[in-house]
file my_file21.txt (compact mmCIF, C-alpha atoms)
# COMPACT_ATOMS: atom_id res chain seq x y z
CA MET A 704 -22.83 -94.68 -24.72
CA ILE A 705 -23.02 -95.92 -21.14
CA GLY A 706 -20.97 -93.59 -18.99
CA PRO A 707 -20.39 -93.04 -15.28
CA ASP A 708 -23.39 -90.70 -15.16
CA ALA A 709 -25.77 -93.08 -16.90
CA GLU A 710 -29.01 -93.49 -14.98
CA LEU A 711 -30.03 -97.06 -14.33
CA PRO A 712 -33.68 -98.02 -14.60
CA ALA A 713 -35.81 -97.84 -11.46
CA ARG A 714 -36.36 -100.99 -9.42
CA ASN A 715 -38.16 -103.67 -11.50
CA GLN A 716 -37.98 -101.48 -14.61
CA ILE A 717 -36.16 -101.96 -17.94
CA LYS A 718 -34.10 -99.49 -19.97
CA ASP A 719 -32.13 -99.62 -23.24
CA PHE A 720 -28.58 -98.29 -23.65
CA ASP A 721 -26.14 -98.00 -26.55
CA TYR A 722 -22.73 -99.54 -25.89
CA ASP A 723 -19.94 -99.75 -28.45
CA GLY A 724 -22.32 -100.08 -31.38
CA MET A 725 -24.74 -102.52 -29.77
CA LYS A 726 -27.94 -102.24 -27.79
CA LEU A 727 -27.87 -103.33 -24.16
CA THR A 728 -31.14 -103.87 -22.33
CA ILE A 729 -30.70 -103.54 -18.59
CA ALA A 730 -33.37 -104.71 -16.16
CA ARG A 731 -33.20 -103.55 -12.55
CA THR A 732 -34.06 -107.01 -11.34
CA GLY A 733 -32.25 -109.87 -9.71
CA TYR A 734 -32.68 -113.20 -8.01
CA THR A 735 -30.33 -113.07 -5.04
CA GLY A 736 -32.14 -110.84 -2.54
CA GLU A 737 -29.80 -107.94 -3.32
CA ASP A 738 -30.40 -104.94 -5.55
CA GLY A 739 -28.97 -105.84 -8.93
CA VAL A 740 -29.36 -105.80 -12.69
CA GLU A 741 -29.73 -108.28 -15.51
CA VAL A 742 -28.15 -107.39 -18.87
CA PHE A 743 -29.46 -108.55 -22.25
CA PHE A 744 -27.45 -108.32 -25.49
CA PRO A 745 -26.83 -110.24 -28.75
CA ALA A 746 -25.50 -113.74 -28.01
CA GLY A 747 -22.50 -113.19 -30.26
CA GLU A 748 -21.35 -110.30 -28.08
CA ALA A 749 -21.34 -112.28 -24.83
CA ALA A 750 -17.56 -112.54 -24.41
CA LYS A 751 -17.08 -108.88 -25.24
CA VAL A 752 -19.67 -107.67 -22.72
CA TRP A 753 -18.53 -110.15 -20.04
CA ASN A 754 -14.89 -109.06 -20.28
CA ALA A 755 -15.83 -105.36 -20.34
CA ILE A 756 -17.90 -105.71 -17.16
CA LEU A 757 -15.08 -107.53 -15.35
CA ALA A 758 -12.55 -104.92 -16.48
CA LYS A 759 -14.73 -101.98 -15.42
CA GLY A 760 -15.42 -103.50 -12.03
CA LYS A 761 -11.89 -104.69 -11.24
CA ASP A 762 -11.07 -101.77 -8.93
CA LEU A 763 -14.36 -102.36 -7.08
CA GLY A 764 -13.50 -105.98 -6.38
CA ILE A 765 -15.93 -107.53 -8.86
CA ARG A 766 -15.69 -111.32 -9.16
CA PRO A 767 -17.60 -113.77 -11.36
CA CYS A 768 -19.78 -116.47 -9.85
CA GLY A 769 -22.01 -119.18 -11.24
CA LEU A 770 -25.53 -120.50 -10.93
CA GLY A 771 -24.62 -122.47 -7.81
CA ALA A 772 -23.95 -119.25 -5.91
CA ARG A 773 -27.13 -117.68 -7.29
CA ASP A 774 -29.11 -120.72 -6.19
CA THR A 775 -27.93 -120.64 -2.57
CA LEU A 776 -28.60 -116.90 -2.35
CA ARG A 777 -32.12 -117.15 -3.76
CA LEU A 778 -32.83 -120.08 -1.44
CA GLU A 779 -31.72 -118.11 1.62
CA MET A 780 -34.25 -115.47 0.57
CA CYS A 781 -36.88 -118.17 -0.21
CA TYR A 782 -37.34 -117.09 -3.81
CA PRO A 783 -39.10 -120.02 -5.53
CA LEU A 784 -37.47 -121.39 -8.67
CA ASN A 785 -39.50 -122.41 -11.71
CA GLY A 786 -39.12 -126.11 -12.39
CA SER A 787 -38.27 -126.81 -8.77
CA ASP A 788 -40.57 -124.96 -6.37
CA LEU A 789 -42.97 -123.82 -9.09
CA SER A 790 -44.59 -126.28 -11.47
CA PRO A 791 -47.94 -127.03 -13.17
CA GLU A 792 -48.77 -129.32 -10.23
CA HIS A 793 -48.90 -126.40 -7.79
CA ASN A 794 -50.82 -123.13 -8.01
CA PRO A 795 -49.59 -119.67 -6.94
CA ILE A 796 -51.67 -119.74 -3.74
CA GLU A 797 -49.94 -122.93 -2.58
CA ALA A 798 -46.57 -121.42 -3.49
CA GLY A 799 -47.16 -118.32 -1.37
CA LEU A 800 -47.44 -116.07 -4.43
CA GLY A 801 -51.05 -115.03 -3.98
CA PHE A 802 -50.05 -111.35 -4.11
CA PHE A 803 -49.37 -111.87 -7.83
CA VAL A 804 -52.93 -113.10 -8.42
CA ASP A 805 -55.52 -110.40 -9.18
CA LEU A 806 -58.85 -112.01 -8.35
CA LYS A 807 -60.57 -108.70 -9.09
CA LYS A 808 -60.25 -109.60 -12.76
CA PRO A 809 -63.58 -111.17 -13.70
CA LYS A 810 -62.22 -113.82 -16.02
CA PHE A 811 -58.91 -115.56 -16.68
CA VAL A 812 -57.68 -119.15 -17.05
CA GLY A 813 -57.67 -120.87 -13.67
CA ARG A 814 -59.56 -118.14 -11.82
CA GLU A 815 -62.12 -120.49 -10.23
CA ILE A 816 -59.44 -122.79 -8.84
CA LEU A 817 -57.41 -119.90 -7.46
CA ALA A 818 -60.46 -118.21 -5.95
CA ASP A 819 -61.40 -121.45 -4.21
CA ALA A 820 -57.84 -121.90 -2.92
CA LYS A 821 -57.82 -118.32 -1.64
CA GLU A 822 -61.12 -118.72 0.19
CA ASN A 823 -60.87 -122.30 1.44
CA GLY A 824 -57.13 -122.91 1.55
CA SER A 825 -54.97 -125.38 -0.36
CA PRO A 826 -54.15 -128.92 0.68
CA ASN A 827 -50.42 -128.13 0.51
CA ARG A 828 -48.18 -125.14 1.14
CA LEU A 829 -44.64 -124.25 0.17
CA VAL A 830 -42.68 -123.75 3.39
CA ALA A 831 -39.09 -122.94 4.30
CA PHE A 832 -37.19 -125.14 6.71
CA ARG A 833 -33.87 -125.22 8.51
CA MET A 834 -31.96 -128.33 9.57
CA LYS A 835 -31.32 -128.66 13.31
CA SER A 836 -28.14 -130.71 13.14
CA LYS A 837 -25.01 -131.01 11.05
CA GLY A 838 -25.16 -133.52 8.23
CA PRO A 839 -25.63 -133.92 4.48
CA PRO A 840 -27.61 -131.05 2.93
CA PRO A 841 -31.25 -131.61 1.96
CA ARG A 842 -31.93 -132.10 -1.74
CA PRO A 843 -35.00 -131.99 -4.02
CA HIS A 844 -37.41 -134.94 -3.79
CA TYR A 845 -36.35 -135.94 -0.27
CA SER A 846 -39.35 -136.92 1.84
CA VAL A 847 -40.62 -134.75 4.72
CA TRP A 848 -41.93 -136.55 7.80
CA ARG A 849 -43.73 -135.65 11.01
CA GLU A 850 -44.58 -138.05 13.80
CA GLY A 851 -44.14 -141.07 11.54
CA GLU A 852 -46.28 -139.68 8.72
CA ARG A 853 -44.96 -138.57 5.34
CA ILE A 854 -46.32 -135.04 4.94
CA GLY A 855 -44.49 -133.69 1.91
CA GLU A 856 -41.46 -133.45 -0.33
CA VAL A 857 -38.44 -131.15 -0.57
CA THR A 858 -38.37 -128.99 -3.70
CA SER A 859 -35.09 -127.11 -3.10
CA GLY A 860 -32.30 -127.68 -0.63
CA SER A 861 -28.67 -126.79 -0.02
CA LEU A 862 -26.08 -125.81 2.55
CA SER A 863 -26.47 -122.10 3.33
CA PRO A 864 -23.10 -120.31 3.21
CA SER A 865 -24.52 -117.40 5.21
CA LEU A 866 -26.16 -119.50 7.94
CA ASN A 867 -23.71 -122.44 7.80
CA GLU A 868 -26.50 -125.01 8.01
CA GLY A 869 -28.78 -126.98 5.74
CA ILE A 870 -31.85 -125.14 4.46
CA GLY A 871 -34.58 -125.77 1.95
CA MET A 872 -38.16 -125.41 0.81
CA ALA A 873 -40.80 -128.11 0.61
CA TYR A 874 -44.46 -128.62 -0.11
CA VAL A 875 -46.10 -130.02 3.00
CA ALA A 876 -49.69 -130.70 4.00
CA SER A 877 -51.24 -127.41 5.13
CA ALA A 878 -52.09 -128.83 8.56
CA HIS A 879 -48.35 -129.08 9.26
CA ALA A 880 -47.21 -125.85 7.60
CA LYS A 881 -47.06 -123.54 10.62
CA ALA A 882 -43.72 -121.89 11.43
CA GLY A 883 -42.06 -123.61 14.37
CA THR A 884 -43.36 -127.06 13.47
CA GLU A 885 -40.81 -129.80 14.07
CA ILE A 886 -40.30 -132.05 11.05
CA GLU A 887 -37.82 -134.59 9.73
CA ILE A 888 -36.09 -134.72 6.35
CA GLU A 889 -35.22 -138.18 5.07
CA ILE A 890 -31.62 -138.02 3.87
CA ARG A 891 -29.78 -141.19 2.85
CA ASP A 892 -32.24 -143.43 4.70
CA ARG A 893 -31.95 -141.34 7.87
CA LYS A 894 -34.59 -138.96 9.21
CA LEU A 895 -32.85 -135.80 10.38
CA PRO A 896 -34.58 -133.11 12.47
CA ALA A 897 -35.58 -129.77 10.98
CA THR A 898 -37.91 -126.88 11.76
CA ILE A 899 -40.33 -125.01 9.53
CA GLU A 900 -39.31 -121.35 9.53
CA LYS A 901 -40.76 -118.00 8.52
CA LYS A 902 -39.55 -116.64 5.19
CA PRO A 903 -36.96 -115.44 4.40
CA LEU A 904 -34.47 -117.76 6.07
CA TYR A 905 -31.69 -115.17 5.92
CA LYS A 906 -32.43 -111.68 7.15
CA LYS A 907 -29.95 -108.91 6.48
CA SER A 908 -28.88 -107.09 9.65

call {"tool": "encode", "arguments": {"input": "my_file21.txt", "output": "structure tokens"}}
result
Amino acid sequence: MIGPDAELPARNQIKDFDYDGMKLTIARTGYTGEDGVEVFFPAGEAAKVWNAILAKGKDLGIRPCGLGARDTLRLEMCYPLNGSDLSPEHNPIEAGLGFFVDLKKPKFVGREILADAKENGSPNRLVAFRMKSKGPPPRPHYSVWREGERIGEVTSGSLSPSLNEGIGMAYVASAHAKAGTEIEIEIRDRKLPATIEKKPLYKKS
């Protein structure tokens, strides 16, 4: 049984536990920028596990939250989301995930393309940006402009609760991808000023 002395798995590791007659698989992973866990269990036991977690954590101030909160937190940390910032149209080098690509392996699907992108650069790069003025938050598929030229497209965008300003990520032409570059995000037929920033957008003090 899981007790107060149960040892959680190490960071980015997975461990199985027995809880009230069922197996729980706990992964020391998360997608918010904070140390956390993800819990896997039979679908039919979801309500039971959910209520037990809330009851156990009540005295510690635990509160439920949804995917919207998760999404703003991951965006503040510039964690790319599959289906939004990651897609078959963009390779890991473009997305800034080259450290996950082991080009020392002699052969795997896509190796030649990735090796070329690593050596010669990609035409586009996934960058983080911050809005410079108050206004509607940036959203996916909004156009990115610089000096009258459309240079890219927003892939994720929202209002940051921690920074109290609009933030997002976008694929832009590599020639314009340097941190500090002034850009514009087209929102509701208006081009609003923004700046390309270093990742992550939110840095814990």

call {"tool": "closest_residue", "arguments": {"input": "my_file21.txt", "among": "A:Gly813, A:Pro896, A:Gly801, A:Pro864", "to": "Trp848 in chain A", "atoms": "only C-alpha atoms"}}
result
A:Pro896

call {"tool": "atom_distance", "arguments": {"input": "my_file21.txt", "atom1": "CA of Pro843 in chain A", "atom2": "CA of Tyr874 in chain A"}}
result
10.8 Å

call {"tool": "closest_atom_pairs", "arguments": {"input": "my_file21.txt", "of": "range 779-878 of chain A", "to": "range 754-774 of chain A", "cutoff": "9 Å", "atoms": "all atoms listed in the file", "output": "Markdown table"}}
result
| residue | atom | partner | partner_atom | distance |
| --- | --- | --- | --- | --- |
| A:Glu779 | CA | A:Asp774 | CA | 8.6 |
| A:Leu784 | CA | A:Asp774 | CA | 8.7 |
| A:Ser861 | CA | A:Asp774 | CA | 8.7 |

call {"tool": "atom_distance", "arguments": {"input": "my_file21.txt", "atom1": "CA of Val875 in chain A", "atom2": "CA of Val812 in chain A"}}
result
25.6 Å

call {"tool": "residues_around", "arguments": {"input": "my_file21.txt", "residues": "Val847 in chain A", "least_positions_apart": "2", "cutoff": "10 Å", "atoms": "only C-alpha atoms", "output": "compact mmCIF listing (two decimals) with C-alpha atoms, in the frame of the given file"}}
result
# COMPACT_ATOMS: atom_id res chain seq x y z
CA HIS A 844 -37.41 -134.94 -3.79
CA TYR A 845 -36.35 -135.94 -0.27
CA ARG A 849 -43.73 -135.65 11.01
CA GLY A 851 -44.14 -141.07 11.54
CA GLU A 852 -46.28 -139.68 8.72
CA ARG A 853 -44.96 -138.57 5.34
CA ILE A 854 -46.32 -135.04 4.94
CA GLY A 855 -44.49 -133.69 1.91
CA GLU A 856 -41.46 -133.45 -0.33
CA VAL A 857 -38.44 -131.15 -0.57
CA ALA A 873 -40.80 -128.11 0.61
CA TYR A 874 -44.46 -128.62 -0.11
CA VAL A 875 -46.10 -130.02 3.00
CA ALA A 876 -49.69 -130.70 4.00
CA ILE A 886 -40.30 -132.05 11.05
CA GLU A 887 -37.82 -134.59 9.73
CA ILE A 888 -36.09 -134.72 6.35
CA GLU A 889 -35.22 -138.18 5.07
CA ILE A 890 -31.62 -138.02 3.87
CA LYS A 894 -34.59 -138.96 9.21
CA LEU A 895 -32.85 -135.80 10.38
CA PRO A 896 -34.58 -133.11 12.47
CA ALA A 897 -35.58 -129.77 10.98

call {"tool": "atom_distance", "arguments": {"input": "my_file21.txt", "atom1": "CA of Gly838 in chain A", "atom2": "CA of Thr735 in chain A"}}
result
24.9 Å

call {"tool": "residues_around", "arguments": {"input": "my_file21.txt", "residues": "Leu866 in chain A", "least_positions_apart": "3", "cutoff": "9 Å", "atoms": "only C-alpha atoms", "output": "ChimeraX atom specification"}}
result
/A:779,862-863,869-870,904-905

call {"tool": "build_atoms", "arguments": {"input": "my_file21.txt", "residues": "range 715-728 of chain A", "atoms": "N, CA and C atoms", "output": "PDB file, in the coordinates of the input"}}
result
ATOM      1  N   ASN A 715     -37.210-102.863 -10.727  1.00  0.00           N
ATOM      2  CA  ASN A 715     -38.160-103.670 -11.500  1.00  0.00           C
ATOM      3  C   ASN A 715     -38.561-103.023 -12.827  1.00  0.00           C
ATOM      4  N   GLN A 716     -37.735-102.091 -13.309  1.00  0.00           N
ATOM      5  CA  GLN A 716     -37.980-101.480 -14.610  1.00  0.00           C
ATOM      6  C   GLN A 716     -36.870-101.856 -15.584  1.00  0.00           C
ATOM      7  N   ILE A 717     -37.099-101.584 -16.881  1.00  0.00           N
ATOM      8  CA  ILE A 717     -36.160-101.960 -17.940  1.00  0.00           C
ATOM      9  C   ILE A 717     -35.809-100.722 -18.756  1.00  0.00           C
ATOM     10  N   LYS A 718     -34.553-100.644 -19.191  1.00  0.00           N
ATOM     11  CA  LYS A 718     -34.100 -99.490 -19.970  1.00  0.00           C
ATOM     12  C   LYS A 718     -33.065 -99.929 -20.997  1.00  0.00           C
ATOM     13  N   ASP A 719     -33.090 -99.307 -22.177  1.00  0.00           N
ATOM     14  CA  ASP A 719     -32.130 -99.620 -23.240  1.00  0.00           C
ATOM     15  C   ASP A 719     -30.979 -98.621 -23.233  1.00  0.00           C
ATOM     16  N   PHE A 720     -29.764 -99.122 -23.550  1.00  0.00           N
ATOM     17  CA  PHE A 720     -28.580 -98.290 -23.650  1.00  0.00           C
ATOM     18  C   PHE A 720     -27.824 -98.668 -24.916  1.00  0.00           C
ATOM     19  N   ASP A 721     -27.056 -97.725 -25.449  1.00  0.00           N
ATOM     20  CA  ASP A 721     -26.140 -98.000 -26.550  1.00  0.00           C
ATOM     21  C   ASP A 721     -24.748 -98.190 -25.966  1.00  0.00           C
ATOM     22  N   TYR A 722     -24.086 -99.290 -26.379  1.00  0.00           N
ATOM     23  CA  TYR A 722     -22.730 -99.540 -25.890  1.00  0.00           C
ATOM     24  C   TYR A 722     -21.877-100.082 -27.024  1.00  0.00           C
ATOM     25  N   ASP A 723     -20.920 -99.324 -27.453  1.00  0.00           N
ATOM     26  CA  ASP A 723     -19.940 -99.750 -28.450  1.00  0.00           C
ATOM     27  C   ASP A 723     -20.617-100.354 -29.681  1.00  0.00           C
ATOM     28  N   GLY A 724     -21.652 -99.659 -30.162  1.00  0.00           N
ATOM     29  CA  GLY A 724     -22.320-100.080 -31.380  1.00  0.00           C
ATOM     30  C   GLY A 724     -23.377-101.143 -31.212  1.00  0.00           C
ATOM     31  N   MET A 725     -23.690-101.522 -29.986  1.00  0.00           N
ATOM     32  CA  MET A 725     -24.740-102.520 -29.770  1.00  0.00           C
ATOM     33  C   MET A 725     -25.743-101.997 -28.759  1.00  0.00           C
ATOM     34  N   LYS A 726     -26.918-102.608 -28.767  1.00  0.00           N
ATOM     35  CA  LYS A 726     -27.940-102.240 -27.790  1.00  0.00           C
ATOM     36  C   LYS A 726     -27.864-103.170 -26.594  1.00  0.00           C
ATOM     37  N   LEU A 727     -27.781-102.577 -25.397  1.00  0.00           N
ATOM     38  CA  LEU A 727     -27.870-103.330 -24.160  1.00  0.00           C
ATOM     39  C   LEU A 727     -29.211-103.023 -23.511  1.00  0.00           C
ATOM     40  N   THR A 728     -29.917-104.041 -23.109  1.00  0.00           N
ATOM     41  CA  THR A 728     -31.140-103.870 -22.330  1.00  0.00           C
ATOM     42  C   THR A 728     -30.825-104.254 -20.896  1.00  0.00           C
TER      43      THR A 728
END
